[in-house]
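Scroll down for the structure; my scribbles are underneath it.
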Amino acid sequence: MSDAPVACGACEPGGLCGGKGLSTFKEGAWTNNPINVQMLGICSALAVTGKLENSLVMGVALIFVCVCSNLFISLLRKAIPRKIRMIAEVAIIATFVILFDQLLRAFYWPMSRQLGPYVGLIITNCIVMGRAEAFAMQKPPIISMVDGLANGLGYAVILAAIGIVRELLGFGSILGITVLSENWYTKNQLMVLAPGAFIVLGFIIALFNAMNAKKDANDAKPAGGH
Amino acid sequence: MAEISPWAILIAAIFTSNILLANFLGMCSFLACSKQINTSLGLGAAVIFVMTATVAINYGVYHGMLVPLGLKHLSFIVFIAVIAAFVQFVEMFIERFSQGLYHALGIFLPLITVNCAILGAALFMIIRNYSFIQSLGFGFGAGLGWALAILLIAGLRKKMGYSDIPKSFQGVSIVMIITGIMAMAFMGFAGMVRIQ
């Protein structure tokens with residue numbers, strides 16, 4: 001846990017940073033998970049997870065924006081002057097967010113209405129910006145795409161997890177299909193409202209911490225500690 | 001939406017629809033800067049100022065430029081550019097004219113560009129169809145509400161330093177849970193006024 005947020009610290013021992021797709025993937029999706037470890041992009045993780053369906057759409061949106069913007073920023077990384085790189089990155093990211101928003105409006109209007117401003121807020125989602133700045137500006141295009149995909153997936157998985165818990169406890173259903181019958185389960189409205197989101201995410205992070213702590217302990221044993 | 005008075009919107013934005021506790025915006029800087037009361041006070045003040053001003057400017061840009069030209073779909077990119085430019089401008093301005101203020105607020109200003117509450121306030125203003133005065137009330141109220149929430153949490157986190165928290169819950173996890181409890185407390189204000 002303690003060494004996680006350091007860029008690429010995790011793959012240093014194996015020396016895999018050169019361009020191996022798998023380690024980049026694992027780094028983004030699990031070891032350095034954007035929500036649980038780096039605490040990025042929490043706003044939308046809380047706001048759209050009242051139902052699993054919304055969480056999935058938001059996850060797809062983030063994967064799309066992350067992969068495309070990482071690819072294009074990486075392709076343009078030599079052409080972008082260092083001084084104005086921030087605004088250039090924001091412009092590229094915003095382009096893809098607008099693209100996704102227009103697609104959603106055209107083909108899936110009810111969902112677009114439900115997500116409201118949160119699709120637009122992907123622009124300020126620190127995950128996308130962080131990956132652009134930390135990875136795509138320095139690495140070649142293909143590996144940057146893998147990194148974008150991994151981080152997007154890591155984000156989408158956590159979103160789906162929160163979505164499942166909240167929809168199950170709040171509506172008694174998953175993806176709109178009733179699982180917990182109304183005969184014996186009283187819907188917990190609190191889970192649908194804001195406090196539920198905060199508390200569920202708090203517990204998910206705690207669980208993630210506990211799992212990592214256990215794994216660290218297991219890893220440390222055979223080596224006889226550090 | 002034209003009939004709601006701006007005062008009602010202001011109160012609602014602080015309490016019943018708090019931008020942080022009900023709409024989850026501005027979480028990143030909220031988690032990062034809520035360890036110290038002084039820091040959160042400075043950041044809160046900067047957010048109030050920037051949010052009020054950018055909501056007003058973005059209202060002008062949206063209704064004066066984007067709507068007549070039929071460029072509504074560009075609103076995201078224009079808003080974020082306005083916010084970034086405004087923050088940069090304010091930073092240069094106060095650095096030139098007030099060193100004291102610059103040292104108090106200056107370090108927080110760059111952080112604010114990426115604070116999603118600022119962009120979120122502009123987007124809510126569009127979605128809810130506010131008039132100019134209503135937007136001003138909303139921007140100011142949302143900023144105040146955000147500042148209030150971060151101050152309260154900073155106080156609680158300071159106290160929490162003395163408590164014995166289970167190991168896995170330490171750090172962000174417990175902060176999320178107390179934020180949830182605070183959101184529950186703020187729900188007690190519901191019914192006072194209602195926007196949305």
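Starting from 1 in every chain, residues are counted up; chains themselves are A, B, ... following the order of the structure tokens, and ligands are numbered from 1 as listed.
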
Name the residues in contact with segment 187-195 of chain A at a cut-off of 8 Å, using only C-alpha atoms, excluding same-chain residues fewer than 4 positions from it; report them as a ChimeraX atom specification.
/A:46-47,50,166-167,169-172,182,199 /B:21-24,179-184

Could you dump the residues just selected with N, CA and C atoms as a short mmCIF file (atom, residue, chain, number, x, y, z; two decimals), in the first residue's frame?
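And here's out33.cif as it stands now:
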```cif
data_model
loop_
_atom_site.label_atom_id
_atom_site.label_comp_id
_atom_site.auth_asym_id
_atom_site.auth_seq_id
_atom_site.Cartn_x
_atom_site.Cartn_y
_atom_site.Cartn_z
N LEU A 46 -19.42 8.19 -7.03
CA LEU A 46 -20.50 8.23 -6.06
C LEU A 46 -21.82 8.62 -6.70
N ALA A 47 -21.73 9.54 -7.65
CA ALA A 47 -22.96 10.15 -8.13
C ALA A 47 -23.80 9.24 -9.01
N GLY A 50 -26.21 4.77 -8.29
CA GLY A 50 -27.46 4.37 -7.67
C GLY A 50 -28.03 3.10 -8.29
N ARG A 166 -25.51 -0.91 -4.08
CA ARG A 166 -26.54 0.10 -3.87
C ARG A 166 -27.87 -0.29 -4.49
N GLU A 167 -27.82 -0.88 -5.70
CA GLU A 167 -29.09 -1.24 -6.33
C GLU A 167 -29.75 -2.40 -5.59
N LEU A 169 -29.45 -3.28 -2.36
CA LEU A 169 -30.01 -2.91 -1.07
C LEU A 169 -31.07 -1.82 -1.20
N GLY A 170 -30.91 -0.96 -2.21
CA GLY A 170 -31.81 0.18 -2.33
C GLY A 170 -33.10 -0.14 -3.07
N PHE A 171 -33.00 -0.93 -4.14
CA PHE A 171 -34.19 -1.26 -4.92
C PHE A 171 -34.54 -2.74 -4.83
N GLY A 172 -33.67 -3.55 -4.23
CA GLY A 172 -33.92 -4.98 -4.17
C GLY A 172 -33.78 -5.65 -5.53
N GLU A 182 -40.17 -8.27 -2.45
CA GLU A 182 -40.73 -7.26 -1.56
C GLU A 182 -41.46 -7.88 -0.38
N ILE A 199 -20.98 5.74 2.28
CA ILE A 199 -20.69 4.66 3.22
C ILE A 199 -20.26 3.40 2.48
N LEU B 21 -22.17 17.17 -0.51
CA LEU B 21 -22.82 16.08 0.22
C LEU B 21 -23.98 15.46 -0.54
N ALA B 22 -24.60 16.22 -1.45
CA ALA B 22 -25.71 15.63 -2.20
C ALA B 22 -25.35 15.34 -3.64
N ASN B 23 -24.44 16.14 -4.21
CA ASN B 23 -24.09 15.92 -5.62
C ASN B 23 -22.68 15.37 -5.81
N PHE B 24 -21.99 15.17 -4.74
CA PHE B 24 -20.67 14.51 -4.77
C PHE B 24 -19.62 15.24 -5.60
N THR B 179 -18.26 11.19 6.15
CA THR B 179 -18.93 12.09 5.20
C THR B 179 -20.35 11.60 4.94
N GLY B 180 -20.49 10.27 4.85
CA GLY B 180 -21.82 9.70 4.66
C GLY B 180 -22.74 10.05 5.81
N ILE B 181 -22.21 9.96 7.04
CA ILE B 181 -23.04 10.28 8.20
C ILE B 181 -23.41 11.76 8.19
N MET B 182 -22.43 12.60 7.75
CA MET B 182 -22.74 14.03 7.69
C MET B 182 -23.78 14.31 6.62
N ALA B 183 -23.69 13.58 5.48
CA ALA B 183 -24.70 13.76 4.44
C ALA B 183 -26.07 13.41 4.98
N MET B 184 -26.11 12.39 5.84
CA MET B 184 -27.37 12.00 6.45
C MET B 184 -27.90 13.13 7.33
#
```

Expected answer as JSON, numbers by chain: chain B residues within 8 Å of chain A, only C-alpha atoms
{"B": [21, 22, 23, 24, 25, 26, 27, 28, 73, 74, 76, 77, 114, 115, 116, 119, 120, 123, 124, 127, 168, 169, 170, 172, 173, 174, 175, 176, 177, 178, 179, 180, 181, 182, 183, 184]}

Based on DSSP run over this structure's backbone, return all residues of chain A in alpha helix (DSSP H), as a PyMOL selection string.
chain A and resi 21-26+42-47+52-75+85-107+109-115+126-131+141-171+189-192+194-223

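Atom CA of Ser144 of chain A lies 8.6 Å from atom CA of Arg131 of chain A.
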
Between atom CA of Ala46 of chain B and atom CA of Trp146 of chain B, what is the distance, to one decimal in Å?
10.8 Å

Running DSSP on the backbone, which parts of segment 6-224 of chain A land in strand (DSSP E), as a VMD selection string?
chain A and resid 173 to 174 177 to 178

I want to know what sits within 9 Å of Ser55 of chain A, based on only C-alpha atoms, with residues of the same chain fewer than 5 positions away left out; could you give that as a ChimeraX atom specification?
/A:45,48-50,60,156,159-164

Could you save the residues just selected, with all heavy atoms, as a compact mmCIF listing (two decimals), in the first residue's frame?
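And here's selection14.txt as it stands now:
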```txt
# COMPACT_ATOMS: atom_id res chain seq x y z
N ALA A 45 -17.85 8.42 -9.22
CA ALA A 45 -18.02 7.08 -8.66
C ALA A 45 -19.18 7.06 -7.68
O ALA A 45 -19.84 6.06 -7.51
CB ALA A 45 -16.74 6.63 -7.97
N VAL A 48 -23.16 8.40 -9.82
CA VAL A 48 -23.93 7.68 -10.83
C VAL A 48 -24.21 6.23 -10.44
O VAL A 48 -24.75 5.47 -11.23
CB VAL A 48 -23.22 7.68 -12.20
CG1 VAL A 48 -23.03 9.10 -12.67
CG2 VAL A 48 -21.91 6.96 -12.13
N THR A 49 -23.82 5.83 -9.22
CA THR A 49 -23.87 4.41 -8.92
C THR A 49 -25.15 3.97 -8.22
O THR A 49 -25.19 2.91 -7.63
CB THR A 49 -22.67 4.00 -8.07
OG1 THR A 49 -22.58 4.89 -6.97
CG2 THR A 49 -21.40 4.01 -8.85
N GLY A 50 -26.21 4.77 -8.29
CA GLY A 50 -27.46 4.37 -7.67
C GLY A 50 -28.03 3.10 -8.29
O GLY A 50 -28.71 2.33 -7.64
N VAL A 60 -18.17 2.52 -19.22
CA VAL A 60 -17.86 2.46 -20.65
C VAL A 60 -17.40 3.84 -21.13
O VAL A 60 -16.41 3.97 -21.87
CB VAL A 60 -19.09 2.00 -21.46
CG1 VAL A 60 -18.86 2.17 -22.94
CG2 VAL A 60 -19.42 0.56 -21.13
N ALA A 156 -14.11 1.19 -13.87
CA ALA A 156 -15.43 0.62 -14.17
C ALA A 156 -15.78 -0.49 -13.19
O ALA A 156 -16.94 -0.62 -12.78
CB ALA A 156 -15.45 0.11 -15.61
N LEU A 159 -16.88 0.96 -9.93
CA LEU A 159 -18.19 1.56 -10.12
C LEU A 159 -19.27 0.50 -10.13
O LEU A 159 -20.32 0.66 -9.50
CB LEU A 159 -18.20 2.30 -11.46
CG LEU A 159 -18.60 3.76 -11.38
CD1 LEU A 159 -17.56 4.52 -10.61
CD2 LEU A 159 -18.76 4.34 -12.76
N ALA A 160 -19.01 -0.60 -10.84
CA ALA A 160 -19.99 -1.68 -10.92
C ALA A 160 -20.21 -2.28 -9.54
O ALA A 160 -21.34 -2.57 -9.15
CB ALA A 160 -19.52 -2.74 -11.90
N ALA A 161 -19.12 -2.43 -8.76
CA ALA A 161 -19.26 -3.02 -7.42
C ALA A 161 -20.17 -2.14 -6.56
O ALA A 161 -21.09 -2.63 -5.90
CB ALA A 161 -17.89 -3.17 -6.77
N ILE A 162 -19.91 -0.82 -6.57
CA ILE A 162 -20.75 0.08 -5.77
C ILE A 162 -22.18 0.03 -6.29
O ILE A 162 -23.15 -0.01 -5.52
CB ILE A 162 -20.23 1.52 -5.82
CG1 ILE A 162 -18.75 1.58 -5.44
CG2 ILE A 162 -21.02 2.42 -4.89
CD1 ILE A 162 -18.14 2.93 -5.65
N GLY A 163 -22.33 0.00 -7.64
CA GLY A 163 -23.65 -0.04 -8.24
C GLY A 163 -24.44 -1.26 -7.80
O GLY A 163 -25.62 -1.17 -7.48
N ILE A 164 -23.77 -2.44 -7.78
CA ILE A 164 -24.46 -3.68 -7.38
C ILE A 164 -24.97 -3.56 -5.95
O ILE A 164 -26.14 -3.80 -5.66
CB ILE A 164 -23.51 -4.90 -7.52
CG1 ILE A 164 -23.27 -5.21 -8.99
CG2 ILE A 164 -24.12 -6.12 -6.83
CD1 ILE A 164 -22.27 -6.30 -9.22
```

Which residues come within 9 Å of Ile133 of chain B, counting only C-alpha atoms, excluding same-chain residues fewer than 3 positions away, as a ChimeraX atom specification?
/B:5-6,56,130,136-138

Would you write out those residues with N, CA and C atoms, as a PDB file, in the first residue's frame?
```pdb
ATOM      1  N   SER B   5     -37.178  32.241  -5.941  1.00  0.00           N
ATOM      2  CA  SER B   5     -36.368  33.424  -5.648  1.00  0.00           C
ATOM      3  C   SER B   5     -34.916  33.017  -5.477  1.00  0.00           C
ATOM      4  N   PRO B   6     -33.992  33.911  -5.862  1.00  0.00           N
ATOM      5  CA  PRO B   6     -32.563  33.583  -5.738  1.00  0.00           C
ATOM      6  C   PRO B   6     -32.156  33.278  -4.299  1.00  0.00           C
ATOM      7  N   ALA B  56     -21.164  33.202 -13.165  1.00  0.00           N
ATOM      8  CA  ALA B  56     -21.659  34.413 -13.821  1.00  0.00           C
ATOM      9  C   ALA B  56     -21.078  34.554 -15.222  1.00  0.00           C
ATOM     10  N   TYR B 130     -31.472  28.313 -14.991  1.00  0.00           N
ATOM     11  CA  TYR B 130     -31.539  29.458 -14.100  1.00  0.00           C
ATOM     12  C   TYR B 130     -31.426  30.759 -14.864  1.00  0.00           C
ATOM     13  N   LEU B 136     -26.367  33.515 -10.012  1.00  0.00           N
ATOM     14  CA  LEU B 136     -25.481  34.128  -9.022  1.00  0.00           C
ATOM     15  C   LEU B 136     -25.741  33.540  -7.644  1.00  0.00           C
ATOM     16  N   GLY B 137     -27.027  33.459  -7.278  1.00  0.00           N
ATOM     17  CA  GLY B 137     -27.390  32.890  -5.981  1.00  0.00           C
ATOM     18  C   GLY B 137     -26.907  31.462  -5.875  1.00  0.00           C
ATOM     19  N   PHE B 138     -27.075  30.711  -6.957  1.00  0.00           N
ATOM     20  CA  PHE B 138     -26.674  29.304  -6.933  1.00  0.00           C
ATOM     21  C   PHE B 138     -25.159  29.159  -6.806  1.00  0.00           C
TER      22      PHE B 138
END
```

If you count only C-alpha atoms, which residues fall within 10 Å of Met145 of chain A, apart from same-chain ones fewer than 5 positions away, as a PyMOL selection string?
chain A and resi 21+25+66-72+74+135-136+139-140+150-151

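Distances from A:Tyr185, A:Phe64, A:Phe96, A:Phe107 to Val146 of chain A were compared using only C-alpha atoms, and the smallest one belongs to A:Phe64.
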
Two-atom distance - atom CA of Ser135 of chain B, atom CA of Leu115 of chain A (Å):
21.3 Å

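Restricting the calculation to only C-alpha atoms, the smallest distance between Val57 of chain A and any of A:Leu180, A:Met111, A:Ile158, A:Ile127 is found for A:Met111.
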
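Taking only C-alpha atoms, the non-local environment of Met92 of chain B within 12 Å (same-chain residues fewer than 2 positions away omitted) comprises Ala85, Phe86, Val87, Gln88, Phe89, Val90, Ile94, Glu95, Arg96, Phe97, Ser98, Gln99, Leu101, Tyr102, Leu105, Gly106, Leu109 and Pro110 of chain B.
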
Selection above as a file: N, CA and C atoms, as a tab-separated table (two decimals), in the first residue's frame:
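What ended up in out-v5.tsv:
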```tsv
chain	number	residue	atom	x	y	z
B	85	ALA	N	-8.89	29.97	-17.70
B	85	ALA	CA	-8.39	31.31	-17.99
B	85	ALA	C	-8.67	32.24	-16.81
B	86	PHE	N	-9.86	32.13	-16.24
B	86	PHE	CA	-10.22	33.00	-15.12
B	86	PHE	C	-9.30	32.78	-13.93
B	87	VAL	N	-9.05	31.51	-13.61
B	87	VAL	CA	-8.21	31.20	-12.46
B	87	VAL	C	-6.80	31.75	-12.68
B	88	GLN	N	-6.29	31.56	-13.91
B	88	GLN	CA	-4.96	32.07	-14.23
B	88	GLN	C	-4.90	33.58	-14.07
B	89	PHE	N	-5.94	34.24	-14.56
B	89	PHE	CA	-6.01	35.69	-14.51
B	89	PHE	C	-6.05	36.18	-13.06
B	90	VAL	N	-6.91	35.57	-12.26
B	90	VAL	CA	-7.03	35.98	-10.87
B	90	VAL	C	-5.70	35.78	-10.14
B	94	ILE	N	-3.92	38.92	-8.26
B	94	ILE	CA	-3.68	39.09	-6.82
B	94	ILE	C	-2.20	38.99	-6.50
B	95	GLU	N	-1.43	38.33	-7.34
B	95	GLU	CA	0.00	38.29	-7.08
B	95	GLU	C	0.60	39.69	-7.24
B	96	ARG	N	0.05	40.44	-8.21
B	96	ARG	CA	0.54	41.77	-8.50
B	96	ARG	C	0.10	42.77	-7.42
B	97	PHE	N	-1.16	42.65	-6.97
B	97	PHE	CA	-1.72	43.72	-6.15
B	97	PHE	C	-1.80	43.41	-4.66
B	98	SER	N	-1.84	42.16	-4.28
B	98	SER	CA	-1.96	41.89	-2.85
B	98	SER	C	-1.15	40.65	-2.49
B	99	GLN	N	0.05	40.89	-2.01
B	99	GLN	CA	0.92	39.78	-1.66
B	99	GLN	C	0.33	38.93	-0.53
B	101	LEU	N	-2.84	38.41	0.29
B	101	LEU	CA	-3.91	37.55	-0.23
B	101	LEU	C	-3.32	36.44	-1.09
B	102	TYR	N	-2.27	36.79	-1.83
B	102	TYR	CA	-1.67	35.78	-2.69
B	102	TYR	C	-1.12	34.62	-1.88
B	105	LEU	N	-4.31	32.68	-0.54
B	105	LEU	CA	-5.16	31.95	-1.49
B	105	LEU	C	-4.39	31.34	-2.65
B	106	GLY	N	-3.24	31.97	-2.96
B	106	GLY	CA	-2.53	31.66	-4.20
B	106	GLY	C	-2.29	30.19	-4.44
B	109	LEU	N	-5.31	28.26	-5.80
B	109	LEU	CA	-5.99	28.59	-7.05
B	109	LEU	C	-5.76	27.56	-8.16
B	110	PRO	N	-4.51	27.13	-8.41
B	110	PRO	CA	-4.33	26.15	-9.49
B	110	PRO	C	-5.13	24.87	-9.26
```
